[in-house]
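Shown next, in structure tokens, is the structure this report addresses.
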Amino acid sequence: MNDLATPAVLTAASYKSSYKPIWCPGCGDYSVLSSVTKALAKVQVPPHEVAVVSGIGCSSRIPAYTTCYGFHGVHGRALAAATGLKCARPELTVIVTGGDGDGYSIGGNHFLHACRRNVDMTYIVMDNHVYGMTKGQASPTTEPDWDNKLSPGGTGIRAFNPLVIALASGANFVARTFAGDPNGTAEVIAQGIRHPGFAFIEVLSPCVTFRPEQREWKQHVHPAPVTPTDDPARAARRIMTDDGFNIGVLYAGDRKPYPAKPGKASHSVNDLEAEFEL
Ligand SMILES: Cc1ncc(C[n+]2csc(CCOP(=O)(O)OP(=O)(O)O)c2C)c(N)n1
Ligand code: SF4
């Protein structure tokens with residue numbers, strides 16, 4: 001958080017901090033950062049009313065590059081920290097950012113339960129099908145036949161399908177976007193912020209260093225040929241059978257968000273456990 005003075009009209013620049021990103025030239029995450037700031041300008045929520053929470057990874061650096069409050073936590077625990085924050089301070093707009101390794105591998109359990117709890121926040125995963133920061137290991141979304149020095153011949157392990165898992169676990173808004181379309185991504189992030197409950201947005205964000213072939217994603221992505229549905233079974237069927245490059249809002253549901261209690265700034269562990277009991 002750099003500056004508490006809020007101008008009358010907020011622009012994307014109002015949300016950009018003075019820190020220069022240190023991503024590799026051409027990394028998709030630059031574009032996602034720009035989409036996050038554009039989305040916040042669309043929603044016009046002042047930076048001091050927004051908290052951006054992350055774990056560890058190249059993509060998890062985003063909080064430092066915004067003027068919002070930020071929490072750069074530990075690997076795989078962004079959603080746990082964000083859940084606590086939103087429950088204690090429900091008036092804040094909470095955005096969680098990270099990568100496929102952070103969110104689906106070490107953080108996979110938190111991903112399932114964040115969807116299930118349906119706390120009102122927006123989770124943006126920059127999926128590059130690789131662990132970028134630690135130099136190119138396979139992640140849960142890596143194609144089984146991706147041949148590289150660390151897994152010669154590929155891992156042979158079926159890739160995780162985050163969108164269908166989010167749906168099955170109870171996420172209230174599920175979308176896929178592409179970093180090469182910053183305006184489209186900004187629009188979907190703004191919709192996710194406005195949508196009540198847990199909004200999950202998977203952004204295909206190329207890692208040009210360890211997966212240079214992902215530069216070709218721009219030739220593969222296409223708008224989803226269907227309108228968003230509020231029927232999770234229908235959305236799941238569509239996602240299970242798509243080619244992984246359908247872009248758009250794929251599901252927008254009306255499940256009641258977890259009712260955070262305004263004004264209650266702290267909880268005992270016992271209180272939290274009792275409240276999350278379904
Ligand atoms: C507990 C723990 N285990 C492992 C690491 C090492 N580590 C740091 S970032 C990372 C993976 C990041 O991959 P991803 O989330 O896909 O993000 P990207 O860098 O590709 O954006 C790993 C394994 C760590 N920091 N902490
Ligand atoms: S290693 Fe990959 S994900 Fe990390 S900054 Fe470089 S291009 Fe981006």
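Going through the structure tokens in order, the chains are called A, B, and so on, while each chain numbers its residues from 1 and the ligands are numbered from 1 in the order shown.
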Please identify every polymer residue within 9 Å of ligand 1, using only C-alpha atoms and all ligand atoms, and present the set as a ChimeraX atom specification.
/A:29,55-61,74-76,98-106,125-140,205,207
Using only C-alpha atoms, which protein or nucleic acid residues come within 9 Å of Trp146 (chain A)? Drop anything in the same chain fewer than 6 positions from it, and give the result as a PyMOL selection string.
chain A and resi 138+152-156
Work out how far CA of His110 (chain A) is from CA of Ala80 (chain A), in Å to one decimal.
6.4 Å
Using DSSP on the backbone, list every residue of region 60-223 of chain A that comes out as alpha helix (DSSP H), and give them as number ranges by chain.
A: 78-88, 100, 108-117, 162-169, 182-194, 217-220
As a PyMOL selection string, please: all residues of region 73-260 of chain A that backbone DSSP puts in strand (DSSP E or B).
chain A and resi 93-99+121-127+131+137+173-178+198-204+222-223+229+246-252
Need the shell around Ile201 (chain A): protein/DNA/RNA residues with any atom at most 7 Å away, counting only C-alpha atoms. Skip same-chain ones fewer than 4 positions apart. Format as a VMD selection string?
chain A and resid 123 to 125 174 to 176
Compile the contact shell of Thr83 (chain A) as a PyMOL selection string: residues with an atom at most 10 Å away, counting only C-alpha atoms, same-chain residues fewer than 2 positions apart removed.
chain A and resi 53+78-81+85-90+94+96+110+114+117-121+260
Output C-alpha atoms for every residue in that selection, as a PDB file, in the first residue's frame.
ATOM      1  CA  VAL A  53      -2.849 -12.358  -1.240  1.00  0.00           C
ATOM      2  CA  ALA A  78      -2.518 -18.223  -0.075  1.00  0.00           C
ATOM      3  CA  LEU A  79      -6.130 -19.391   0.072  1.00  0.00           C
ATOM      4  CA  ALA A  80      -5.881 -20.279   3.758  1.00  0.00           C
ATOM      5  CA  ALA A  81      -4.536 -16.811   4.593  1.00  0.00           C
ATOM      6  CA  LEU A  85      -8.559 -12.358   6.167  1.00  0.00           C
ATOM      7  CA  LYS A  86     -11.944 -12.183   4.428  1.00  0.00           C
ATOM      8  CA  CYS A  87     -13.734 -13.700   7.430  1.00  0.00           C
ATOM      9  CA  ALA A  88     -12.108 -11.237   9.804  1.00  0.00           C
ATOM     10  CA  ARG A  89     -12.458  -8.205   7.478  1.00  0.00           C
ATOM     11  CA  PRO A  90     -15.454  -8.915   5.206  1.00  0.00           C
ATOM     12  CA  VAL A  94      -9.894 -10.023  -1.448  1.00  0.00           C
ATOM     13  CA  VAL A  96      -5.749 -14.212  -4.454  1.00  0.00           C
ATOM     14  CA  HIS A 110      -6.814 -25.563   0.214  1.00  0.00           C
ATOM     15  CA  ALA A 114     -11.883 -22.782  -0.607  1.00  0.00           C
ATOM     16  CA  ARG A 117     -16.528 -22.885   1.627  1.00  0.00           C
ATOM     17  CA  ASN A 118     -17.505 -20.337  -1.018  1.00  0.00           C
ATOM     18  CA  VAL A 119     -16.065 -17.357   0.842  1.00  0.00           C
ATOM     19  CA  ASP A 120     -16.464 -14.196  -1.249  1.00  0.00           C
ATOM     20  CA  MET A 121     -13.077 -13.717  -2.954  1.00  0.00           C
ATOM     21  CA  ALA A 260     -18.606 -13.698   7.114  1.00  0.00           C
TER      22      ALA A 260
END
At what distance in Å, to one decimal, does CA of Gly180 (chain A) lie from CA of Gln214 (chain A)?
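Straight-line distance from CA of Gln214 (chain A) to CA of Gly180 (chain A) works out to 11.0 Å.
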May I have the residues within 10 Å of Lys20 (chain A) as a PyMOL selection string, using only C-alpha atoms and disregarding those fewer than 4 positions away in the same chain?
chain A and resi 16+64-65
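One finds CA of Arg116 (chain A) at 14.4 Å from CA of Glu273 (chain A).
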Using only C-alpha atoms and all ligand atoms for the distances, tell me which of A:Val9, A:Leu150, A:Ala179, A:Val269 is nearest to ligand 2.
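Smallest separation from ligand 2 among the options: A:Ala179.
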Distance criterion (only C-alpha atoms and all ligand atoms): nearest to ligand 2 out of A:Pro232, A:Pro63, A:Gly244, A:Pro25
A:Pro25
Counting only C-alpha atoms, the residue of A:Cys115, A:Thr142, A:Arg255, A:Gly170 that sits nearest Ile157 (chain A)
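Selected residue with least distance to Ile157 (chain A): A:Thr142.
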Given only C-alpha atoms and all ligand atoms as the counted atoms, nearest of A:Thr209, A:Gln191, A:Thr122, A:Thr97 to ligand 2:
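Among A:Thr209, A:Gln191, A:Thr122, A:Thr97, it is A:Thr209 that comes nearest to ligand 2.
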Return the single residue from A:Leu167, A:Leu272, A:Val208, A:Leu33 that is closest to Ala233 (chain A), with distances computed using only C-alpha atoms.
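Looking only at the distances to Ala233 (chain A), the closest residue turns out to be A:Leu167.
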